[in-house]
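run-v4.txt follows; it contains compact mmCIF, C-alpha atoms.
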```txt
# COMPACT_ATOMS: atom_id res chain seq x y z
CA ALA A 15 44.45 38.47 21.08
CA PHE A 16 41.68 37.10 18.92
CA GLU A 17 41.63 33.70 17.27
CA ALA A 18 38.87 32.04 15.27
CA ASN A 19 39.17 28.33 14.58
CA ALA A 20 35.55 27.47 13.77
CA ALA A 21 33.94 27.24 10.34
CA ARG A 22 31.78 30.19 11.40
CA THR A 23 32.69 32.71 14.07
CA VAL A 24 30.37 35.48 15.18
CA VAL A 25 31.75 38.64 16.78
CA PHE A 26 29.33 40.29 19.22
CA GLY A 27 29.46 43.73 20.74
CA PRO A 28 27.62 47.01 21.04
CA SER A 29 27.63 49.61 18.30
CA GLY A 30 31.01 51.32 18.09
CA SER A 31 32.91 48.51 19.84
CA GLY A 32 35.16 47.78 16.84
CA LYS A 33 33.51 44.83 15.09
CA SER A 34 33.66 46.49 11.65
CA SER A 35 37.18 47.76 12.36
CA LEU A 36 38.30 44.21 13.14
CA LEU A 37 36.93 42.92 9.82
CA ARG A 38 38.42 45.85 7.89
CA ALA A 39 41.83 45.23 9.52
CA ILE A 40 41.75 41.54 8.57
CA ALA A 41 40.84 42.53 5.00
CA GLY A 42 43.73 45.00 4.90
CA LEU A 43 41.59 48.12 4.63
CA LEU A 44 42.54 49.44 8.05
CA GLU A 45 45.99 49.34 9.62
CA PRO A 46 46.14 48.63 13.35
CA ASP A 47 48.64 50.45 15.56
CA ALA A 48 50.47 47.24 16.43
CA GLY A 49 50.03 43.49 16.57
CA ARG A 50 49.74 40.66 14.09
CA ILE A 51 47.06 39.41 11.73
CA GLN A 52 47.36 35.83 10.51
CA ILE A 53 45.12 34.19 7.95
CA HIS A 54 45.31 30.41 7.75
CA GLY A 55 48.51 30.51 9.78
CA LYS A 56 50.29 32.96 7.47
CA THR A 57 51.13 36.46 8.65
CA ALA A 58 49.21 39.05 6.64
CA TRP A 59 50.23 42.02 8.78
CA GLN A 60 52.59 42.53 11.71
CA ARG A 61 54.18 45.49 13.45
CA ALA A 62 55.56 46.02 16.93
CA SER A 63 54.23 48.91 18.99
CA GLY A 64 56.03 52.15 18.15
CA ASN A 65 57.66 50.63 15.07
CA ARG A 66 56.94 52.29 11.71
CA SER A 67 57.88 49.29 9.59
CA GLY A 68 56.69 45.74 9.64
CA HIS A 69 55.18 43.05 7.44
CA ASN A 70 52.13 43.82 5.28
CA VAL A 71 50.59 41.57 2.63
CA PRO A 72 48.69 43.88 0.25
CA THR A 73 44.90 43.71 0.44
CA GLU A 74 44.53 42.28 -3.06
CA LYS A 75 46.84 39.36 -2.21
CA ARG A 76 45.12 38.30 1.03
CA ARG A 77 42.29 36.40 -0.73
CA VAL A 78 39.81 37.83 1.75
CA GLY A 79 36.18 38.35 0.79
CA LEU A 80 34.54 41.26 2.62
CA VAL A 81 30.88 42.14 2.31
CA MET A 82 29.83 45.26 4.17
CA GLN A 83 26.37 46.39 5.25
CA ASN A 84 26.27 48.99 2.46
CA PRO A 85 26.81 47.15 -0.82
CA SER A 86 29.51 48.25 -3.22
CA VAL A 87 28.89 47.46 -6.88
CA PHE A 88 30.11 48.94 -10.14
CA PRO A 89 27.37 51.27 -11.46
CA HIS A 90 28.50 50.82 -15.09
CA LEU A 91 28.06 47.01 -15.03
CA THR A 92 24.90 44.93 -14.93
CA ALA A 93 24.34 42.54 -12.04
CA ALA A 94 25.88 39.73 -14.11
CA GLY A 95 28.73 42.02 -15.16
CA ASN A 96 29.48 42.83 -11.53
CA VAL A 97 29.76 39.14 -10.67
CA ALA A 98 31.76 38.38 -13.83
CA PHE A 99 34.22 41.13 -12.92
CA ALA A 100 35.77 38.78 -10.35
CA LEU A 101 36.19 36.08 -13.00
CA LYS A 102 38.50 37.76 -15.49
CA GLY A 103 40.65 35.34 -17.42
CA MET A 104 38.06 32.58 -17.29
CA GLU A 105 36.75 31.16 -20.59
CA LYS A 106 33.50 32.93 -21.59
CA SER A 107 31.06 29.99 -21.39
CA ALA A 108 32.52 28.80 -18.06
CA ARG A 109 32.37 32.37 -16.73
CA GLU A 110 28.72 32.76 -17.79
CA GLU A 111 27.82 29.45 -16.15
CA LYS A 112 29.55 30.40 -12.91
CA VAL A 113 27.89 33.85 -12.87
CA PHE A 114 24.48 32.19 -13.31
CA ARG A 115 25.17 29.65 -10.53
CA LEU A 116 26.32 32.37 -8.12
CA LEU A 117 23.35 34.63 -8.89
CA GLN A 118 21.15 31.59 -8.38
CA ARG A 119 22.88 30.89 -5.04
CA VAL A 120 21.94 34.35 -3.76
CA GLU A 121 18.47 34.18 -5.38
CA ALA A 122 19.26 36.97 -7.84
CA GLU A 123 19.36 35.22 -11.23
CA PRO A 124 16.35 37.24 -12.53
CA LEU A 125 18.42 40.40 -11.93
CA ALA A 126 21.29 39.37 -14.22
CA ASP A 127 20.63 41.98 -16.94
CA ARG A 128 19.59 44.80 -14.63
CA TRP A 129 21.71 47.84 -13.80
CA PRO A 130 22.53 48.79 -10.20
CA ARG A 131 20.34 51.92 -10.43
CA GLU A 132 17.39 49.59 -11.10
CA LEU A 133 17.98 47.46 -7.99
CA SER A 134 16.80 47.80 -4.41
CA GLY A 135 19.25 47.80 -1.51
CA GLY A 136 18.62 44.13 -0.82
CA GLN A 137 19.09 43.22 -4.48
CA LEU A 138 22.34 45.20 -4.63
CA GLN A 139 23.51 43.31 -1.55
CA ARG A 140 22.81 39.98 -3.24
CA VAL A 141 24.88 41.05 -6.26
CA ALA A 142 27.73 42.20 -4.00
CA ILE A 143 27.68 38.86 -2.17
CA ALA A 144 27.69 36.89 -5.43
CA ARG A 145 30.66 38.94 -6.72
CA THR A 146 32.55 38.29 -3.47
CA LEU A 147 31.91 34.54 -3.70
CA ALA A 148 33.00 34.56 -7.36
CA ALA A 149 36.48 35.66 -6.28
CA GLU A 150 36.76 32.42 -4.25
CA PRO A 151 38.14 34.00 -1.07
CA SER A 152 40.06 31.89 1.42
CA ILE A 153 38.11 33.56 4.25
CA LEU A 154 34.76 35.35 4.13
CA LEU A 155 34.15 38.42 6.30
CA LEU A 156 30.52 39.50 6.64
CA ASP A 157 29.74 42.87 8.22
CA GLU A 158 25.94 42.79 8.57
CA PRO A 159 25.42 42.13 4.85
CA PHE A 160 21.85 40.92 5.29
CA ALA A 161 20.59 44.00 7.16
CA ALA A 162 18.71 45.38 4.11
CA LEU A 163 16.66 42.19 3.77
CA ASP A 164 13.41 41.10 5.40
CA ALA A 165 13.68 38.38 8.05
CA LYS A 166 12.74 35.47 5.75
CA SER A 167 15.14 36.57 2.99
CA ARG A 168 17.88 37.26 5.55
CA GLN A 169 17.58 33.71 6.93
CA GLN A 170 17.52 32.08 3.48
CA LEU A 171 20.45 34.08 2.09
CA SER A 172 22.48 33.47 5.24
CA GLU A 173 21.88 29.73 4.89
CA ASN A 174 22.82 29.85 1.18
CA VAL A 175 26.09 31.66 1.93
CA GLN A 176 26.91 29.26 4.78
CA THR A 177 26.26 26.30 2.46
CA TRP A 178 28.62 27.82 -0.13
CA ALA A 179 31.25 28.34 2.59
CA ARG A 180 30.98 24.71 3.74
CA GLU A 181 31.16 23.41 0.16
CA HIS A 182 34.30 25.47 -0.48
CA ASN A 183 35.80 24.95 2.99
CA VAL A 184 35.92 28.71 3.60
CA PRO A 185 35.70 29.97 7.18
CA VAL A 186 33.24 32.80 7.84
CA LEU A 187 33.75 35.61 10.32
CA THR A 188 30.68 37.72 10.92
```
Produce structure tokens that represent the structure in this file.
Amino acid sequence: AFEANAARTVVFGPSGSGKSSLLRAIAGLLEPDAGRIQIHGKTAWQRASGNRSGHNVPTEKRRVGLVMQNPSVFPHLTAAGNVAFALKGMEKSAREEKVFRLLQRVEAEPLADRWPRELSGGQLQRVAIARTLAAEPSILLLDEPFAALDAKSRQQLSENVQTWAREHNVPVLT
């Protein structure tokens, strides 16, 4: 059993102990053998041991933001386009303003018009984080997303993301 009630919960353990697997299971990208996953008191996944059927809320309906150590961005979209991808349906000027604010939050606003192939690993990670925040997740899962950054940048970006999480009342599991 694992329960996180704090605004920020940190999972510790040696390499290979299942930290990433835990985050992927909560996000719906990995299916456990048995048990129950609840997000904000609502069951997202449940199955008894040995049972083939159970309850499963699809990944896209869980409102979970997951940022992994290796950033995932769309190569055919600019940095701003990647962030805007999560904002479909929003009026254009409001979307552009939100993209700018989120890129600013992760200290990547000068990268807005650059393509992923033109960005370093740390810059790609900033874009991936901004896109995740744009989707306004109800919980934020961070799997070593600041690893590609130098110590000063890692500290600053971590603080910026935590500030966003507090402002939006979103718990963080890292």
**Message:** Between A:Arg180, A:Arg38, A:Lys166, A:Arg119, which residue has the minimum interatomic distance to Thr73 of chain A, considering only C-alpha atoms?
**Reply:**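 When distances to Thr73 of chain A are compared using only C-alpha atoms, the smallest one comes from A:Arg38.
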**Prompt:** Neighbours of Asp164 of chain A within 12 Å (only C-alpha atoms; same-chain residues fewer than 4 positions away dropped), as a ChimeraX atom specification?
**Reply:** /A:135-137,160,168-172
**Message:** I want to know what sits within 12 Å of His90 of chain A, based on all atoms listed in the file, with residues of the same chain fewer than 3 positions away left out; could you give that as a PyMOL selection string?
**Reply:** chain A and resi 87+93-96+99+127-132
**Request:** Excluding Asn183 of chain A and residues on its chain fewer than 2 positions from it, collect all residues at most 12 Å away from it, counting only C-alpha atoms, and give them as a ChimeraX atom specification.
**Result:** /A:20-22,54,150-154,175-181,185-186
C-alpha atoms of the current selection, written as a short mmCIF file (atom, residue, chain, number, x, y, z; two decimals), in the frame of the given file:
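Wrote it out as again.cif, contents follow:
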```cif
data_model
loop_
_atom_site.label_atom_id
_atom_site.label_comp_id
_atom_site.auth_asym_id
_atom_site.auth_seq_id
_atom_site.Cartn_x
_atom_site.Cartn_y
_atom_site.Cartn_z
CA ALA A 20 35.55 27.47 13.77
CA ALA A 21 33.94 27.24 10.34
CA ARG A 22 31.78 30.19 11.40
CA HIS A 54 45.31 30.41 7.75
CA GLU A 150 36.76 32.42 -4.25
CA PRO A 151 38.14 34.00 -1.07
CA SER A 152 40.06 31.89 1.42
CA ILE A 153 38.11 33.56 4.25
CA LEU A 154 34.76 35.35 4.13
CA VAL A 175 26.09 31.66 1.93
CA GLN A 176 26.91 29.26 4.78
CA THR A 177 26.26 26.30 2.46
CA TRP A 178 28.62 27.82 -0.13
CA ALA A 179 31.25 28.34 2.59
CA ARG A 180 30.98 24.71 3.74
CA GLU A 181 31.16 23.41 0.16
CA PRO A 185 35.70 29.97 7.18
CA VAL A 186 33.24 32.80 7.84
#
```
**Request:** Can you pull out every residue within 10 Å of Leu101 of chain A, counting all atoms listed in the file, but drop anything in the same chain fewer than 5 positions away, and send it as a PyMOL selection string?
**Result:** chain A and resi 95-96+106+108-110+112-113+145+148-150
**Polymer residues at most 8 Å from Gln60 of chain A, all atoms listed in the file, same-chain spacing of 2 or more positions, as a PyMOL selection string** = chain A and resi 48-51+57-58+62+68-70
**Prompt:** In Å, how far is it from atom CA of Pro159 of chain A to atom CA of Ala39 of chain A?
**Reply:**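 Computed distance, atom CA of Pro159 of chain A to atom CA of Ala39 of chain A, equals 17.3 Å.
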**Request:** Just give me the gap between atom CA of Leu43 of chain A and atom CA of Asn19 of chain A in Å, one decimal is fine.
**Result:**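 Going from atom CA of Leu43 of chain A over to atom CA of Asn19 of chain A covers 22.3 Å.
The interatomic distance for the pair atom CA of Val24 of chain A and atom CA of Gln52 of chain A works out to 17.6 Å.
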**Request:** In the coordinate frame of the file, compute which residues have an atom within 9 Å of (18.1, 35.3, -5.0) when using all atoms listed in the file, and state them as an MDAnalysis selection string.
**Result:** chainID A and resid 117:125 137 140:141 167 171
Atoms kept (N, CA, C and O atoms) for segment 114-136 of chain A, as a PDB file, in the first residue's frame:
```
ATOM      1  N   PHE A 114       3.118  31.543 -23.878  1.00  0.00           N
ATOM      2  CA  PHE A 114       4.199  32.435 -23.477  1.00  0.00           C
ATOM      3  C   PHE A 114       4.434  32.368 -21.971  1.00  0.00           C
ATOM      4  O   PHE A 114       5.575  32.257 -21.518  1.00  0.00           O
ATOM      5  N   ARG A 115       3.349  32.419 -21.181  1.00  0.00           N
ATOM      6  CA  ARG A 115       3.484  32.373 -19.714  1.00  0.00           C
ATOM      7  C   ARG A 115       4.126  31.060 -19.248  1.00  0.00           C
ATOM      8  O   ARG A 115       4.955  31.052 -18.342  1.00  0.00           O
ATOM      9  N   LEU A 116       3.735  29.950 -19.877  1.00  0.00           N
ATOM     10  CA  LEU A 116       4.292  28.656 -19.475  1.00  0.00           C
ATOM     11  C   LEU A 116       5.756  28.536 -19.894  1.00  0.00           C
ATOM     12  O   LEU A 116       6.579  28.021 -19.120  1.00  0.00           O
ATOM     13  N   LEU A 117       6.089  29.001 -21.088  1.00  0.00           N
ATOM     14  CA  LEU A 117       7.498  28.979 -21.499  1.00  0.00           C
ATOM     15  C   LEU A 117       8.322  29.889 -20.583  1.00  0.00           C
ATOM     16  O   LEU A 117       9.454  29.562 -20.228  1.00  0.00           O
ATOM     17  N   GLN A 118       7.731  30.987 -20.188  1.00  0.00           N
ATOM     18  CA  GLN A 118       8.399  31.890 -19.249  1.00  0.00           C
ATOM     19  C   GLN A 118       8.604  31.192 -17.902  1.00  0.00           C
ATOM     20  O   GLN A 118       9.668  31.295 -17.290  1.00  0.00           O
ATOM     21  N   ARG A 119       7.611  30.462 -17.446  1.00  0.00           N
ATOM     22  CA  ARG A 119       7.668  29.747 -16.163  1.00  0.00           C
ATOM     23  C   ARG A 119       8.837  28.774 -16.118  1.00  0.00           C
ATOM     24  O   ARG A 119       9.466  28.600 -15.085  1.00  0.00           O
ATOM     25  N   VAL A 120       9.123  28.130 -17.261  1.00  0.00           N
ATOM     26  CA  VAL A 120      10.219  27.157 -17.299  1.00  0.00           C
ATOM     27  C   VAL A 120      11.495  27.761 -17.904  1.00  0.00           C
ATOM     28  O   VAL A 120      12.425  27.047 -18.263  1.00  0.00           O
ATOM     29  N   GLU A 121      11.503  29.102 -18.008  1.00  0.00           N
ATOM     30  CA  GLU A 121      12.658  29.850 -18.506  1.00  0.00           C
ATOM     31  C   GLU A 121      13.060  29.409 -19.911  1.00  0.00           C
ATOM     32  O   GLU A 121      14.227  29.191 -20.212  1.00  0.00           O
ATOM     33  N   ALA A 122      12.034  29.280 -20.778  1.00  0.00           N
ATOM     34  CA  ALA A 122      12.281  28.841 -22.149  1.00  0.00           C
ATOM     35  C   ALA A 122      11.605  29.745 -23.181  1.00  0.00           C
ATOM     36  O   ALA A 122      11.516  29.372 -24.344  1.00  0.00           O
ATOM     37  N   GLU A 123      11.158  30.943 -22.782  1.00  0.00           N
ATOM     38  CA  GLU A 123      10.466  31.793 -23.747  1.00  0.00           C
ATOM     39  C   GLU A 123      11.321  32.167 -24.959  1.00  0.00           C
ATOM     40  O   GLU A 123      10.793  32.290 -26.063  1.00  0.00           O
ATOM     41  N   PRO A 124      12.673  32.288 -24.838  1.00  0.00           N
ATOM     42  CA  PRO A 124      13.454  32.583 -26.049  1.00  0.00           C
ATOM     43  C   PRO A 124      13.478  31.420 -27.052  1.00  0.00           C
ATOM     44  O   PRO A 124      13.885  31.581 -28.192  1.00  0.00           O
ATOM     45  N   LEU A 125      13.036  30.263 -26.636  1.00  0.00           N
ATOM     46  CA  LEU A 125      13.060  29.066 -27.495  1.00  0.00           C
ATOM     47  C   LEU A 125      11.763  28.873 -28.280  1.00  0.00           C
ATOM     48  O   LEU A 125      11.654  27.915 -29.051  1.00  0.00           O
ATOM     49  N   ALA A 126      10.803  29.753 -28.104  1.00  0.00           N
ATOM     50  CA  ALA A 126       9.456  29.562 -28.641  1.00  0.00           C
ATOM     51  C   ALA A 126       9.426  29.173 -30.114  1.00  0.00           C
ATOM     52  O   ALA A 126       8.666  28.289 -30.500  1.00  0.00           O
ATOM     53  N   ASP A 127      10.230  29.784 -30.944  1.00  0.00           N
ATOM     54  CA  ASP A 127      10.188  29.534 -32.388  1.00  0.00           C
ATOM     55  C   ASP A 127      11.210  28.507 -32.863  1.00  0.00           C
ATOM     56  O   ASP A 127      11.362  28.300 -34.064  1.00  0.00           O
ATOM     57  N   ARG A 128      11.882  27.866 -31.930  1.00  0.00           N
ATOM     58  CA  ARG A 128      12.905  26.885 -32.317  1.00  0.00           C
ATOM     59  C   ARG A 128      12.309  25.488 -32.410  1.00  0.00           C
ATOM     60  O   ARG A 128      11.353  25.146 -31.735  1.00  0.00           O
ATOM     61  N   TRP A 129      12.914  24.686 -33.288  1.00  0.00           N
ATOM     62  CA  TRP A 129      12.493  23.303 -33.511  1.00  0.00           C
ATOM     63  C   TRP A 129      13.224  22.378 -32.544  1.00  0.00           C
ATOM     64  O   TRP A 129      14.348  22.676 -32.127  1.00  0.00           O
ATOM     65  N   PRO A 130      12.617  21.260 -32.171  1.00  0.00           N
ATOM     66  CA  PRO A 130      13.264  20.337 -31.239  1.00  0.00           C
ATOM     67  C   PRO A 130      14.689  19.943 -31.636  1.00  0.00           C
ATOM     68  O   PRO A 130      15.565  19.833 -30.782  1.00  0.00           O
ATOM     69  N   ARG A 131      14.955  19.773 -32.926  1.00  0.00           N
ATOM     70  CA  ARG A 131      16.301  19.390 -33.369  1.00  0.00           C
ATOM     71  C   ARG A 131      17.332  20.479 -33.073  1.00  0.00           C
ATOM     72  O   ARG A 131      18.528  20.223 -33.092  1.00  0.00           O
ATOM     73  N   GLU A 132      16.871  21.690 -32.788  1.00  0.00           N
ATOM     74  CA  GLU A 132      17.762  22.813 -32.491  1.00  0.00           C
ATOM     75  C   GLU A 132      17.970  23.008 -30.992  1.00  0.00           C
ATOM     76  O   GLU A 132      18.687  23.916 -30.590  1.00  0.00           O
ATOM     77  N   LEU A 133      17.358  22.162 -30.179  1.00  0.00           N
ATOM     78  CA  LEU A 133      17.393  22.342 -28.729  1.00  0.00           C
ATOM     79  C   LEU A 133      18.274  21.310 -28.047  1.00  0.00           C
ATOM     80  O   LEU A 133      18.367  20.167 -28.490  1.00  0.00           O
ATOM     81  N   SER A 134      18.879  21.715 -26.951  1.00  0.00           N
ATOM     82  CA  SER A 134      19.667  20.792 -26.127  1.00  0.00           C
ATOM     83  C   SER A 134      18.717  19.919 -25.311  1.00  0.00           C
ATOM     84  O   SER A 134      17.516  20.180 -25.251  1.00  0.00           O
ATOM     85  N   GLY A 135      19.257  18.912 -24.655  1.00  0.00           N
ATOM     86  CA  GLY A 135      18.442  18.035 -23.813  1.00  0.00           C
ATOM     87  C   GLY A 135      17.724  18.789 -22.715  1.00  0.00           C
ATOM     88  O   GLY A 135      16.546  18.557 -22.450  1.00  0.00           O
ATOM     89  N   GLY A 136      18.417  19.721 -22.084  1.00  0.00           N
ATOM     90  CA  GLY A 136      17.791  20.512 -21.018  1.00  0.00           C
ATOM     91  C   GLY A 136      16.701  21.422 -21.545  1.00  0.00           C
ATOM     92  O   GLY A 136      15.661  21.615 -20.903  1.00  0.00           O
TER      93      GLY A 136
END
```
